[in-house]
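A.B. asks: Have a peek at input.txt (compact mmCIF, N, CA and C atoms).
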```
# COMPACT_ATOMS: atom_id res chain seq x y z
N MET A 1 100.92 95.16 126.59
CA MET A 1 101.15 96.58 126.55
C MET A 1 100.70 97.21 127.86
N VAL A 2 101.15 98.40 128.09
CA VAL A 2 100.79 99.13 129.30
C VAL A 2 99.33 99.58 129.21
N ILE A 3 98.60 99.42 130.30
CA ILE A 3 97.25 99.97 130.42
C ILE A 3 97.25 100.82 131.68
N PRO A 4 97.51 102.13 131.54
CA PRO A 4 97.67 102.98 132.73
C PRO A 4 96.46 103.00 133.64
N GLU A 5 95.26 102.99 133.07
CA GLU A 5 94.05 103.07 133.88
C GLU A 5 93.87 101.87 134.80
N LEU A 6 94.48 100.75 134.43
CA LEU A 6 94.38 99.53 135.23
C LEU A 6 95.68 99.23 135.98
N ASN A 7 96.63 100.16 135.91
CA ASN A 7 97.96 99.94 136.52
C ASN A 7 98.59 98.65 136.03
N LYS A 8 98.35 98.31 134.76
CA LYS A 8 98.91 97.10 134.17
C LYS A 8 100.23 97.44 133.50
N PRO A 9 101.34 96.84 133.97
CA PRO A 9 102.63 97.10 133.33
C PRO A 9 102.78 96.32 132.02
N LYS A 10 103.77 96.71 131.25
CA LYS A 10 104.09 96.03 130.00
C LYS A 10 104.54 94.60 130.30
N ASP A 11 104.29 93.71 129.36
CA ASP A 11 104.75 92.32 129.42
C ASP A 11 104.13 91.51 130.56
N THR A 12 102.92 91.89 130.98
CA THR A 12 102.18 91.09 131.96
C THR A 12 100.76 90.90 131.43
N TRP A 13 100.15 89.82 131.84
CA TRP A 13 98.76 89.59 131.45
C TRP A 13 97.86 90.55 132.22
N CYS A 14 96.83 91.01 131.57
CA CYS A 14 95.83 91.85 132.22
C CYS A 14 95.02 90.97 133.18
N LEU A 15 94.73 91.53 134.34
CA LEU A 15 93.93 90.78 135.33
C LEU A 15 92.53 90.49 134.83
N HIS A 16 92.08 91.21 133.82
CA HIS A 16 90.72 91.05 133.31
C HIS A 16 90.65 90.14 132.08
N TYR A 17 91.79 89.54 131.72
CA TYR A 17 91.81 88.60 130.60
C TYR A 17 91.43 87.22 131.09
N ALA A 18 90.47 86.61 130.41
CA ALA A 18 90.06 85.24 130.73
C ALA A 18 90.45 84.35 129.55
N ARG A 19 91.36 83.43 129.80
CA ARG A 19 91.88 82.56 128.74
C ARG A 19 90.74 81.86 128.00
N GLY A 20 90.78 81.97 126.69
CA GLY A 20 89.76 81.35 125.85
C GLY A 20 88.50 82.18 125.70
N LEU A 21 88.35 83.22 126.51
CA LEU A 21 87.14 84.05 126.48
C LEU A 21 87.43 85.50 126.09
N GLY A 22 88.59 86.00 126.47
CA GLY A 22 88.94 87.39 126.18
C GLY A 22 88.74 88.28 127.39
N CYS A 23 88.43 89.53 127.12
CA CYS A 23 88.32 90.53 128.17
C CYS A 23 86.99 90.37 128.92
N ASN A 24 87.09 90.25 130.26
CA ASN A 24 85.84 90.09 131.01
C ASN A 24 85.28 91.43 131.50
N ILE A 25 85.90 92.56 131.09
CA ILE A 25 85.32 93.89 131.36
C ILE A 25 85.17 94.65 130.04
N TYR A 26 85.00 93.91 128.95
CA TYR A 26 85.00 94.51 127.61
C TYR A 26 84.04 95.70 127.50
N GLN A 27 82.84 95.57 128.01
CA GLN A 27 81.86 96.66 127.91
C GLN A 27 82.30 97.90 128.68
N ASP A 28 83.07 97.72 129.73
CA ASP A 28 83.52 98.83 130.58
C ASP A 28 85.02 99.06 130.51
N ARG A 29 85.66 98.59 129.43
CA ARG A 29 87.11 98.70 129.33
C ARG A 29 87.54 100.17 129.29
N PRO A 30 88.76 100.45 129.76
CA PRO A 30 89.24 101.84 129.83
C PRO A 30 89.55 102.42 128.45
N PRO A 31 89.71 103.74 128.38
CA PRO A 31 89.96 104.41 127.09
C PRO A 31 91.18 103.87 126.33
N SER A 32 92.27 103.54 127.01
CA SER A 32 93.44 103.07 126.27
C SER A 32 93.15 101.74 125.57
N CYS A 33 92.28 100.92 126.14
CA CYS A 33 91.86 99.68 125.48
C CYS A 33 90.89 99.98 124.34
N ARG A 34 89.96 100.89 124.56
CA ARG A 34 89.00 101.27 123.52
C ARG A 34 89.68 101.88 122.31
N ASP A 35 90.75 102.65 122.55
CA ASP A 35 91.44 103.35 121.46
C ASP A 35 92.40 102.45 120.68
N PHE A 36 92.73 101.27 121.22
CA PHE A 36 93.69 100.38 120.57
C PHE A 36 93.05 99.72 119.35
N SER A 37 93.80 99.71 118.24
CA SER A 37 93.35 99.01 117.04
C SER A 37 94.45 98.05 116.60
N CYS A 38 94.17 96.77 116.65
CA CYS A 38 95.13 95.77 116.20
C CYS A 38 95.31 95.92 114.70
N HIS A 39 96.54 96.15 114.28
CA HIS A 39 96.83 96.41 112.87
C HIS A 39 96.45 95.22 111.98
N TRP A 40 96.51 94.01 112.53
CA TRP A 40 96.15 92.83 111.75
C TRP A 40 94.68 92.88 111.33
N LEU A 41 93.85 93.48 112.16
CA LEU A 41 92.42 93.56 111.84
C LEU A 41 92.10 94.64 110.82
N ILE A 42 92.96 95.65 110.69
CA ILE A 42 92.63 96.78 109.80
C ILE A 42 93.50 96.86 108.55
N ASP A 43 94.55 96.05 108.45
CA ASP A 43 95.43 96.09 107.28
C ASP A 43 95.15 94.87 106.40
N PRO A 44 94.46 95.07 105.27
CA PRO A 44 94.09 93.93 104.43
C PRO A 44 95.28 93.25 103.76
N THR A 45 96.46 93.86 103.80
CA THR A 45 97.64 93.22 103.19
C THR A 45 98.26 92.16 104.10
N LEU A 46 97.83 92.09 105.36
CA LEU A 46 98.39 91.11 106.29
C LEU A 46 97.58 89.83 106.24
N GLY A 47 98.26 88.74 105.94
CA GLY A 47 97.59 87.45 105.82
C GLY A 47 97.32 86.80 107.16
N PRO A 48 96.73 85.60 107.14
CA PRO A 48 96.36 84.90 108.36
C PRO A 48 97.56 84.54 109.24
N GLU A 49 98.75 84.48 108.64
CA GLU A 49 99.95 84.17 109.43
C GLU A 49 100.28 85.28 110.43
N TRP A 50 99.73 86.50 110.20
CA TRP A 50 99.96 87.64 111.09
C TRP A 50 98.98 87.70 112.25
N LYS A 51 98.02 86.79 112.30
CA LYS A 51 97.09 86.80 113.43
C LYS A 51 97.92 86.68 114.70
N PRO A 52 97.71 87.60 115.66
CA PRO A 52 98.59 87.66 116.84
C PRO A 52 98.81 86.34 117.58
N ASN A 53 97.79 85.51 117.72
CA ASN A 53 98.00 84.27 118.46
C ASN A 53 98.83 83.26 117.66
N LYS A 54 98.98 83.49 116.36
CA LYS A 54 99.81 82.61 115.53
C LYS A 54 101.25 83.12 115.43
N CYS A 55 101.40 84.42 115.17
CA CYS A 55 102.74 84.97 114.94
C CYS A 55 103.43 85.41 116.23
N LYS A 56 102.68 85.50 117.33
CA LYS A 56 103.21 85.92 118.64
C LYS A 56 103.65 87.38 118.64
N MET A 57 102.97 88.19 117.83
CA MET A 57 103.23 89.62 117.77
C MET A 57 101.90 90.36 117.62
N VAL A 58 101.83 91.57 118.18
CA VAL A 58 100.68 92.44 118.00
C VAL A 58 101.22 93.74 117.43
N MET A 59 100.57 94.21 116.36
CA MET A 59 101.00 95.46 115.73
C MET A 59 99.92 96.52 115.88
N HIS A 60 100.38 97.76 116.04
CA HIS A 60 99.44 98.87 115.99
C HIS A 60 100.18 100.10 115.49
N ALA A 61 99.44 100.95 114.79
CA ALA A 61 100.00 102.19 114.28
C ALA A 61 99.78 103.28 115.32
N LYS A 62 100.85 104.02 115.62
CA LYS A 62 100.77 105.10 116.58
C LYS A 62 101.65 106.23 116.09
N ASP A 63 101.06 107.42 115.98
CA ASP A 63 101.78 108.58 115.48
C ASP A 63 102.42 108.23 114.13
N ASP A 64 103.73 108.37 114.03
CA ASP A 64 104.42 108.05 112.78
C ASP A 64 105.20 106.74 112.88
N ALA A 65 104.62 105.77 113.57
CA ALA A 65 105.31 104.49 113.73
C ALA A 65 104.33 103.33 113.67
N LEU A 66 104.83 102.23 113.15
CA LEU A 66 104.13 100.96 113.25
C LEU A 66 104.87 100.21 114.35
N ALA A 67 104.20 99.98 115.46
CA ALA A 67 104.81 99.31 116.60
C ALA A 67 104.47 97.83 116.56
N VAL A 68 105.50 97.00 116.69
CA VAL A 68 105.35 95.55 116.71
C VAL A 68 105.74 95.09 118.11
N HIS A 69 104.77 94.63 118.87
CA HIS A 69 105.02 94.16 120.24
C HIS A 69 105.10 92.64 120.22
N VAL A 70 106.24 92.11 120.67
CA VAL A 70 106.48 90.67 120.66
C VAL A 70 106.02 90.06 121.97
N ASP A 71 105.34 88.94 121.88
CA ASP A 71 104.92 88.17 123.06
C ASP A 71 106.17 87.89 123.90
N PRO A 72 106.13 88.21 125.21
CA PRO A 72 107.31 87.99 126.05
C PRO A 72 107.78 86.53 126.10
N GLY A 73 106.89 85.59 125.78
CA GLY A 73 107.28 84.18 125.77
C GLY A 73 107.87 83.72 124.45
N ALA A 74 107.92 84.60 123.46
CA ALA A 74 108.45 84.25 122.14
C ALA A 74 109.86 84.81 121.99
N ASN A 75 110.61 84.22 121.07
CA ASN A 75 111.98 84.67 120.83
C ASN A 75 112.15 85.07 119.37
N THR A 76 112.21 86.35 119.11
CA THR A 76 112.42 86.98 117.80
C THR A 76 111.56 86.40 116.66
N PRO A 77 110.26 86.28 116.85
CA PRO A 77 109.44 85.78 115.74
C PRO A 77 109.48 86.71 114.53
N TRP A 78 109.73 87.99 114.74
CA TRP A 78 109.78 88.96 113.65
C TRP A 78 110.95 88.72 112.71
N ARG A 79 111.94 87.96 113.14
CA ARG A 79 113.11 87.65 112.29
C ARG A 79 112.82 86.50 111.32
N ARG A 80 111.74 85.78 111.54
CA ARG A 80 111.38 84.67 110.66
C ARG A 80 110.59 85.18 109.46
N GLU A 81 110.58 84.37 108.42
CA GLU A 81 109.78 84.70 107.23
C GLU A 81 108.39 84.11 107.39
N PRO A 82 107.40 84.79 106.85
CA PRO A 82 107.46 85.93 105.94
C PRO A 82 107.53 87.28 106.66
N PHE A 83 107.60 87.26 107.99
CA PHE A 83 107.48 88.49 108.77
C PHE A 83 108.61 89.48 108.50
N TYR A 84 109.85 89.01 108.53
CA TYR A 84 110.98 89.93 108.41
C TYR A 84 110.97 90.68 107.08
N SER A 85 110.78 89.97 105.99
CA SER A 85 110.79 90.65 104.68
C SER A 85 109.61 91.61 104.54
N GLN A 86 108.48 91.28 105.14
CA GLN A 86 107.33 92.20 105.08
C GLN A 86 107.57 93.44 105.94
N LEU A 87 108.24 93.29 107.08
CA LEU A 87 108.57 94.47 107.89
C LEU A 87 109.58 95.36 107.16
N LEU A 88 110.55 94.74 106.48
CA LEU A 88 111.51 95.52 105.67
C LEU A 88 110.77 96.30 104.58
N GLU A 89 109.80 95.66 103.93
CA GLU A 89 109.02 96.32 102.88
C GLU A 89 108.21 97.49 103.45
N LYS A 90 107.59 97.29 104.60
CA LYS A 90 106.82 98.37 105.22
C LYS A 90 107.73 99.54 105.55
N SER A 91 108.92 99.25 106.02
CA SER A 91 109.88 100.31 106.31
C SER A 91 110.26 101.05 105.03
N ALA A 92 110.59 100.33 103.98
CA ALA A 92 111.01 100.94 102.72
C ALA A 92 109.92 101.84 102.14
N ARG A 93 108.66 101.44 102.29
CA ARG A 93 107.55 102.24 101.74
C ARG A 93 107.29 103.52 102.53
N ASN A 94 107.67 103.54 103.80
CA ASN A 94 107.25 104.65 104.66
C ASN A 94 108.35 105.51 105.25
N ILE A 95 109.59 105.08 105.19
CA ILE A 95 110.66 105.78 105.90
C ILE A 95 110.95 107.16 105.30
N ASP A 96 110.77 107.34 104.01
CA ASP A 96 111.03 108.66 103.40
C ASP A 96 110.14 109.75 103.98
N ARG A 97 108.98 109.39 104.50
CA ARG A 97 108.10 110.39 105.11
C ARG A 97 108.25 110.42 106.63
N GLY A 98 109.29 109.74 107.13
CA GLY A 98 109.58 109.79 108.57
C GLY A 98 108.88 108.75 109.40
N ALA A 99 108.10 107.87 108.78
CA ALA A 99 107.39 106.83 109.52
C ALA A 99 108.34 105.66 109.78
N MET A 100 108.30 105.13 111.00
CA MET A 100 109.21 104.06 111.40
C MET A 100 108.46 102.77 111.69
N VAL A 101 109.18 101.66 111.55
CA VAL A 101 108.71 100.35 111.98
C VAL A 101 109.57 99.98 113.17
N LEU A 102 108.94 99.82 114.34
CA LEU A 102 109.66 99.56 115.58
C LEU A 102 109.20 98.24 116.18
N VAL A 103 110.16 97.40 116.54
CA VAL A 103 109.87 96.12 117.19
C VAL A 103 110.24 96.26 118.66
N MET A 104 109.28 95.99 119.54
CA MET A 104 109.51 96.02 120.97
C MET A 104 109.53 94.58 121.49
N GLU A 105 110.69 94.22 122.06
CA GLU A 105 110.86 92.84 122.52
C GLU A 105 111.75 92.81 123.75
N HIS A 106 111.25 92.21 124.81
CA HIS A 106 112.00 92.05 126.06
C HIS A 106 112.60 93.38 126.55
N GLY A 107 111.81 94.45 126.45
CA GLY A 107 112.24 95.75 126.95
C GLY A 107 113.14 96.53 126.01
N ARG A 108 113.50 95.96 124.88
CA ARG A 108 114.39 96.63 123.93
C ARG A 108 113.60 97.00 122.68
N THR A 109 114.12 97.98 121.95
CA THR A 109 113.48 98.42 120.71
C THR A 109 114.45 98.24 119.55
N THR A 110 113.97 97.64 118.49
CA THR A 110 114.71 97.51 117.24
C THR A 110 113.97 98.28 116.17
N ILE A 111 114.68 99.17 115.48
CA ILE A 111 114.06 99.86 114.35
C ILE A 111 114.35 99.03 113.10
N ILE A 112 113.32 98.85 112.29
CA ILE A 112 113.48 98.13 111.04
C ILE A 112 113.72 99.16 109.95
N LEU A 113 114.90 99.14 109.37
CA LEU A 113 115.24 100.00 108.24
C LEU A 113 114.95 99.21 106.97
N PRO A 114 114.99 99.84 105.80
CA PRO A 114 114.66 99.11 104.57
C PRO A 114 115.54 97.89 104.28
N ASP A 115 116.75 97.86 104.86
CA ASP A 115 117.66 96.76 104.56
C ASP A 115 118.12 95.96 105.78
N ARG A 116 117.69 96.36 106.99
CA ARG A 116 118.16 95.66 108.18
C ARG A 116 117.43 96.17 109.43
N GLY A 117 117.60 95.42 110.51
CA GLY A 117 117.12 95.86 111.81
C GLY A 117 118.28 96.40 112.62
N VAL A 118 118.04 97.46 113.40
CA VAL A 118 119.07 98.06 114.24
C VAL A 118 118.55 98.08 115.68
N ASP A 119 119.26 97.37 116.57
CA ASP A 119 118.88 97.33 117.98
C ASP A 119 119.24 98.65 118.62
N LEU A 120 118.24 99.37 119.10
CA LEU A 120 118.46 100.66 119.76
C LEU A 120 118.56 100.53 121.27
N GLY A 121 118.28 99.36 121.80
CA GLY A 121 118.35 99.14 123.23
C GLY A 121 117.07 99.59 123.92
N VAL A 122 117.21 99.99 125.17
CA VAL A 122 116.08 100.44 125.97
C VAL A 122 115.87 101.93 125.72
N ILE A 123 114.67 102.28 125.31
CA ILE A 123 114.34 103.68 125.04
C ILE A 123 113.61 104.24 126.25
N GLY A 124 114.13 105.32 126.79
CA GLY A 124 113.54 105.94 127.96
C GLY A 124 112.62 107.08 127.60
N PRO A 125 111.89 107.59 128.59
CA PRO A 125 111.02 108.73 128.37
C PRO A 125 111.85 109.93 127.89
N GLY A 126 111.39 110.57 126.86
CA GLY A 126 112.08 111.74 126.33
C GLY A 126 113.15 111.41 125.31
N ASP A 127 113.58 110.14 125.22
CA ASP A 127 114.54 109.76 124.19
C ASP A 127 113.86 109.84 122.83
N ARG A 128 114.67 110.02 121.80
CA ARG A 128 114.09 110.04 120.45
C ARG A 128 115.01 109.28 119.50
N ILE A 129 114.46 108.93 118.36
CA ILE A 129 115.20 108.19 117.35
C ILE A 129 115.53 109.15 116.22
N ALA A 130 116.81 109.24 115.87
CA ALA A 130 117.24 110.09 114.77
C ALA A 130 117.48 109.22 113.54
N LEU A 131 116.85 109.60 112.44
CA LEU A 131 117.03 108.90 111.16
C LEU A 131 117.84 109.78 110.22
N ALA A 132 118.70 109.16 109.44
CA ALA A 132 119.47 109.91 108.44
C ALA A 132 119.66 109.05 107.20
N LYS A 133 119.48 109.66 106.05
CA LYS A 133 119.74 109.00 104.78
C LYS A 133 121.14 109.41 104.36
N VAL A 134 122.02 108.43 104.20
CA VAL A 134 123.43 108.68 103.92
C VAL A 134 123.78 108.14 102.55
N MET A 135 124.50 108.93 101.76
CA MET A 135 124.93 108.48 100.44
C MET A 135 126.22 107.68 100.58
N THR A 136 126.24 106.49 99.98
CA THR A 136 127.44 105.64 99.97
C THR A 136 127.82 105.39 98.52
N VAL A 137 128.93 104.71 98.30
CA VAL A 137 129.37 104.42 96.92
C VAL A 137 128.40 103.48 96.21
N THR A 138 127.62 102.73 96.97
CA THR A 138 126.65 101.82 96.37
C THR A 138 125.24 102.40 96.34
N GLY A 139 125.09 103.64 96.81
CA GLY A 139 123.78 104.28 96.83
C GLY A 139 123.39 104.68 98.24
N PRO A 140 122.20 105.24 98.39
CA PRO A 140 121.78 105.72 99.71
C PRO A 140 121.41 104.58 100.65
N ILE A 141 121.72 104.77 101.93
CA ILE A 141 121.27 103.84 102.97
C ILE A 141 120.74 104.67 104.13
N TRP A 142 119.90 104.06 104.93
CA TRP A 142 119.36 104.71 106.11
C TRP A 142 120.15 104.30 107.33
N GLN A 143 120.35 105.27 108.23
CA GLN A 143 120.97 104.99 109.51
C GLN A 143 120.03 105.49 110.60
N ALA A 144 120.09 104.84 111.76
CA ALA A 144 119.26 105.25 112.90
C ALA A 144 120.11 105.19 114.15
N ARG A 145 119.85 106.15 115.04
CA ARG A 145 120.53 106.12 116.33
C ARG A 145 119.59 106.69 117.38
N LEU A 146 119.84 106.28 118.61
CA LEU A 146 119.05 106.75 119.73
C LEU A 146 119.67 108.02 120.29
N VAL A 147 118.86 109.04 120.49
CA VAL A 147 119.31 110.30 121.08
C VAL A 147 118.69 110.37 122.47
N ARG A 148 119.55 110.30 123.48
CA ARG A 148 119.09 110.30 124.87
C ARG A 148 118.61 111.69 125.29
N ALA A 149 117.56 111.71 126.11
CA ALA A 149 117.01 112.97 126.60
C ALA A 149 117.99 113.67 127.53
```
Before anything else, please render the file you have as structure tokens.
C.D. replies:
Amino acid sequence: MVIPELNKPKDTWCLHYARGLGCNIYQDRPPSCRDFSCHWLIDPTLGPEWKPNKCKMVMHAKDDALAVHVDPGANTPWRREPFYSQLLEKSARNIDRGAMVLVMEHGRTTIILPDRGVDLGVIGPGDRIALAKVMTVTGPIWQARLVRA
């Protein structure tokens, strides 16, 4: 993830990460690191398979979204089970109140709707995601689209 205070861009290792040891500036880490809460550590419904080093994803809740950041070296781990069905369930439980489940992978964003994932592409500053519940002959479905700034 981006760490502005350290000029660390997305999808790169932090210069202060020591393999096998963790953060070597932990006591003096910047506010964006201090404010980060790994969702796996705070959500008791997530099992050991969701541990970031095992599933190759890191989740955190921000505003009205659960953001799933995929390890740049992994290829769509969120599409595998049990991850995909659990992300669909999280979406179904929260979408009526406007909360989204977003997967960030290789610079692209996929929104997880209750029945499917929708690739929104690259989201720029000021862009927003529009959600709509649409009635069909088989019942309501959710649709999502990217609205460019």
A.B. asks: Find the smallest box with edges along x, y and z containing every listed atom of region 60-67 of chain A, then add 5 Å on each side and report centre and edge lengths in Å to one decimal, as lines of an AutoDock Vina configuration file.
C.D. replies:
```
center_x = 102.4
center_y = 103.2
center_z = 114.7
size_x = 15.9
size_y = 20.8
size_z = 13.8
```
A.B. asks: Mind listing the strand (DSSP E or B) residues of region 15-145 of chain A, per DSSP on the backbone, as number ranges by chain?
C.D. replies: A: 17-18, 22-23, 57-62, 65-70, 100-105, 108-112, 117-121, 128-136, 139-145
A.B. asks: Show which residues sit within 6 Å of Met1 (chain A), as a PyMOL selection string. Count all atoms listed in the file, and ignore same-chain residues fewer than 4 positions away.
C.D. replies: chain A and resi 8-12
A.B. asks: For the selection just defined, write its residues with N, CA and C atoms to a file, as a compact mmCIF listing (two decimals), in the frame of the given file.
C.D. replies:
```
# COMPACT_ATOMS: atom_id res chain seq x y z
N LYS A 8 98.35 98.31 134.76
CA LYS A 8 98.91 97.10 134.17
C LYS A 8 100.23 97.44 133.50
N PRO A 9 101.34 96.84 133.97
CA PRO A 9 102.63 97.10 133.33
C PRO A 9 102.78 96.32 132.02
N LYS A 10 103.77 96.71 131.25
CA LYS A 10 104.09 96.03 130.00
C LYS A 10 104.54 94.60 130.30
N ASP A 11 104.29 93.71 129.36
CA ASP A 11 104.75 92.32 129.42
C ASP A 11 104.13 91.51 130.56
N THR A 12 102.92 91.89 130.98
CA THR A 12 102.18 91.09 131.96
C THR A 12 100.76 90.90 131.43
```
A.B. asks: Neighbouring residues of region 105-114 of chain A were defined as those with any atom within 6.5 Å, considering only N, CA and C atoms; residues of the same chain fewer than 5 positions away were excluded. Please report them as a list in words.
C.D. replies: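 In the requested format, the answer is Val68, His69, Val70, Pro72, Leu87, Leu88, Glu89, Ser91, Ala92, Met100, Asp119, Leu120, Gly121, Val122 and Ile123 of chain A.
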A.B. asks: Please report the interatomic distance between atom N of Thr76 (chain A) and CA of Met104 (chain A) in Å with one decimal.
C.D. replies: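 Taking atom N of Thr76 (chain A) as the start and CA of Met104 (chain A) as the end point, the length is 10.2 Å.
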A.B. asks: Would you mind reading off the distance between atom C of Arg148 (chain A) and atom N of Leu131 (chain A), one decimal, in Å?
C.D. replies: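 For atom C of Arg148 (chain A) relative to atom N of Leu131 (chain A), the distance reads 13.1 Å.
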A.B. asks: Which distance in Å separates CA of Asp127 (chain A) and CA of Leu146 (chain A), to one decimal?
C.D. replies: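 Computing the Euclidean distance for CA of Asp127 (chain A) and CA of Leu146 (chain A) yields 7.0 Å.
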A.B. asks: For a quick check of understanding, using all atoms listed in the file, which of A:Trp40, A:Trp142, A:Trp13, A:Trp78 has the smallest distance to Asp115 (chain A)?
C.D. replies: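 Checking each candidate against Asp115 (chain A), we get A:Trp142 as the closest.
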A.B. asks: Give me the residues within 7 Å of Ala144 (chain A) as a VMD selection string, counting only C-alpha atoms and dropping any in the same chain fewer than 6 places off.
C.D. replies: chain A and resid 129 to 132
A.B. asks: Quick one: everything within 7 Å of Lys133 (chain A), counting only C-alpha atoms, minus sequence neighbours fewer than 3 positions away in the same chain. Send it as JSON, numbers by chain.
C.D. replies: {"A": [140, 141, 142, 143]}
A.B. asks: Please extract the residues of region 37-91 of chain A with a backbone DSSP assignment of helix (DSSP H, G or I) and present them as an MDAnalysis selection string.
C.D. replies: chainID A and resid 39:42 48:50 52:55 77:79 83:91
A.B. asks: Put those residues in a file: N, CA and C atoms, as a PDB file, in the frame of the given file.
C.D. replies:
```
ATOM      1  N   HIS A  39      96.540  96.150 114.280  1.00  0.00           N
ATOM      2  CA  HIS A  39      96.830  96.410 112.870  1.00  0.00           C
ATOM      3  C   HIS A  39      96.450  95.220 111.980  1.00  0.00           C
ATOM      4  N   TRP A  40      96.510  94.010 112.530  1.00  0.00           N
ATOM      5  CA  TRP A  40      96.150  92.830 111.750  1.00  0.00           C
ATOM      6  C   TRP A  40      94.680  92.880 111.330  1.00  0.00           C
ATOM      7  N   LEU A  41      93.850  93.480 112.160  1.00  0.00           N
ATOM      8  CA  LEU A  41      92.420  93.560 111.840  1.00  0.00           C
ATOM      9  C   LEU A  41      92.100  94.640 110.820  1.00  0.00           C
ATOM     10  N   ILE A  42      92.960  95.650 110.690  1.00  0.00           N
ATOM     11  CA  ILE A  42      92.630  96.780 109.800  1.00  0.00           C
ATOM     12  C   ILE A  42      93.500  96.860 108.550  1.00  0.00           C
ATOM     13  N   PRO A  48      96.730  85.600 107.140  1.00  0.00           N
ATOM     14  CA  PRO A  48      96.360  84.900 108.360  1.00  0.00           C
ATOM     15  C   PRO A  48      97.560  84.540 109.240  1.00  0.00           C
ATOM     16  N   GLU A  49      98.750  84.480 108.640  1.00  0.00           N
ATOM     17  CA  GLU A  49      99.950  84.170 109.430  1.00  0.00           C
ATOM     18  C   GLU A  49     100.280  85.280 110.430  1.00  0.00           C
ATOM     19  N   TRP A  50      99.730  86.500 110.200  1.00  0.00           N
ATOM     20  CA  TRP A  50      99.960  87.640 111.090  1.00  0.00           C
ATOM     21  C   TRP A  50      98.980  87.700 112.250  1.00  0.00           C
ATOM     22  N   PRO A  52      97.710  87.600 115.660  1.00  0.00           N
ATOM     23  CA  PRO A  52      98.590  87.660 116.840  1.00  0.00           C
ATOM     24  C   PRO A  52      98.810  86.340 117.580  1.00  0.00           C
ATOM     25  N   ASN A  53      97.790  85.510 117.720  1.00  0.00           N
ATOM     26  CA  ASN A  53      98.000  84.270 118.460  1.00  0.00           C
ATOM     27  C   ASN A  53      98.830  83.260 117.660  1.00  0.00           C
ATOM     28  N   LYS A  54      98.980  83.490 116.360  1.00  0.00           N
ATOM     29  CA  LYS A  54      99.810  82.610 115.530  1.00  0.00           C
ATOM     30  C   LYS A  54     101.250  83.120 115.430  1.00  0.00           C
ATOM     31  N   CYS A  55     101.400  84.420 115.170  1.00  0.00           N
ATOM     32  CA  CYS A  55     102.740  84.970 114.940  1.00  0.00           C
ATOM     33  C   CYS A  55     103.430  85.410 116.230  1.00  0.00           C
ATOM     34  N   PRO A  77     110.260  86.280 116.850  1.00  0.00           N
ATOM     35  CA  PRO A  77     109.440  85.780 115.740  1.00  0.00           C
ATOM     36  C   PRO A  77     109.480  86.710 114.530  1.00  0.00           C
ATOM     37  N   TRP A  78     109.730  87.990 114.740  1.00  0.00           N
ATOM     38  CA  TRP A  78     109.780  88.960 113.650  1.00  0.00           C
ATOM     39  C   TRP A  78     110.950  88.720 112.710  1.00  0.00           C
ATOM     40  N   ARG A  79     111.940  87.960 113.140  1.00  0.00           N
ATOM     41  CA  ARG A  79     113.110  87.650 112.290  1.00  0.00           C
ATOM     42  C   ARG A  79     112.820  86.500 111.320  1.00  0.00           C
ATOM     43  N   PHE A  83     107.600  87.260 107.990  1.00  0.00           N
ATOM     44  CA  PHE A  83     107.480  88.490 108.770  1.00  0.00           C
ATOM     45  C   PHE A  83     108.610  89.480 108.500  1.00  0.00           C
ATOM     46  N   TYR A  84     109.850  89.010 108.530  1.00  0.00           N
ATOM     47  CA  TYR A  84     110.980  89.930 108.410  1.00  0.00           C
ATOM     48  C   TYR A  84     110.970  90.680 107.080  1.00  0.00           C
ATOM     49  N   SER A  85     110.780  89.970 105.990  1.00  0.00           N
ATOM     50  CA  SER A  85     110.790  90.650 104.680  1.00  0.00           C
ATOM     51  C   SER A  85     109.610  91.610 104.540  1.00  0.00           C
ATOM     52  N   GLN A  86     108.480  91.280 105.140  1.00  0.00           N
ATOM     53  CA  GLN A  86     107.330  92.200 105.080  1.00  0.00           C
ATOM     54  C   GLN A  86     107.570  93.440 105.940  1.00  0.00           C
ATOM     55  N   LEU A  87     108.240  93.290 107.080  1.00  0.00           N
ATOM     56  CA  LEU A  87     108.570  94.470 107.890  1.00  0.00           C
ATOM     57  C   LEU A  87     109.580  95.360 107.160  1.00  0.00           C
ATOM     58  N   LEU A  88     110.550  94.740 106.480  1.00  0.00           N
ATOM     59  CA  LEU A  88     111.510  95.520 105.670  1.00  0.00           C
ATOM     60  C   LEU A  88     110.770  96.300 104.580  1.00  0.00           C
ATOM     61  N   GLU A  89     109.800  95.660 103.930  1.00  0.00           N
ATOM     62  CA  GLU A  89     109.020  96.320 102.880  1.00  0.00           C
ATOM     63  C   GLU A  89     108.210  97.490 103.450  1.00  0.00           C
ATOM     64  N   LYS A  90     107.590  97.290 104.600  1.00  0.00           N
ATOM     65  CA  LYS A  90     106.820  98.370 105.220  1.00  0.00           C
ATOM     66  C   LYS A  90     107.730  99.540 105.550  1.00  0.00           C
ATOM     67  N   SER A  91     108.920  99.250 106.020  1.00  0.00           N
ATOM     68  CA  SER A  91     109.880 100.310 106.310  1.00  0.00           C
ATOM     69  C   SER A  91     110.260 101.050 105.030  1.00  0.00           C
TER      70      SER A  91
END
```
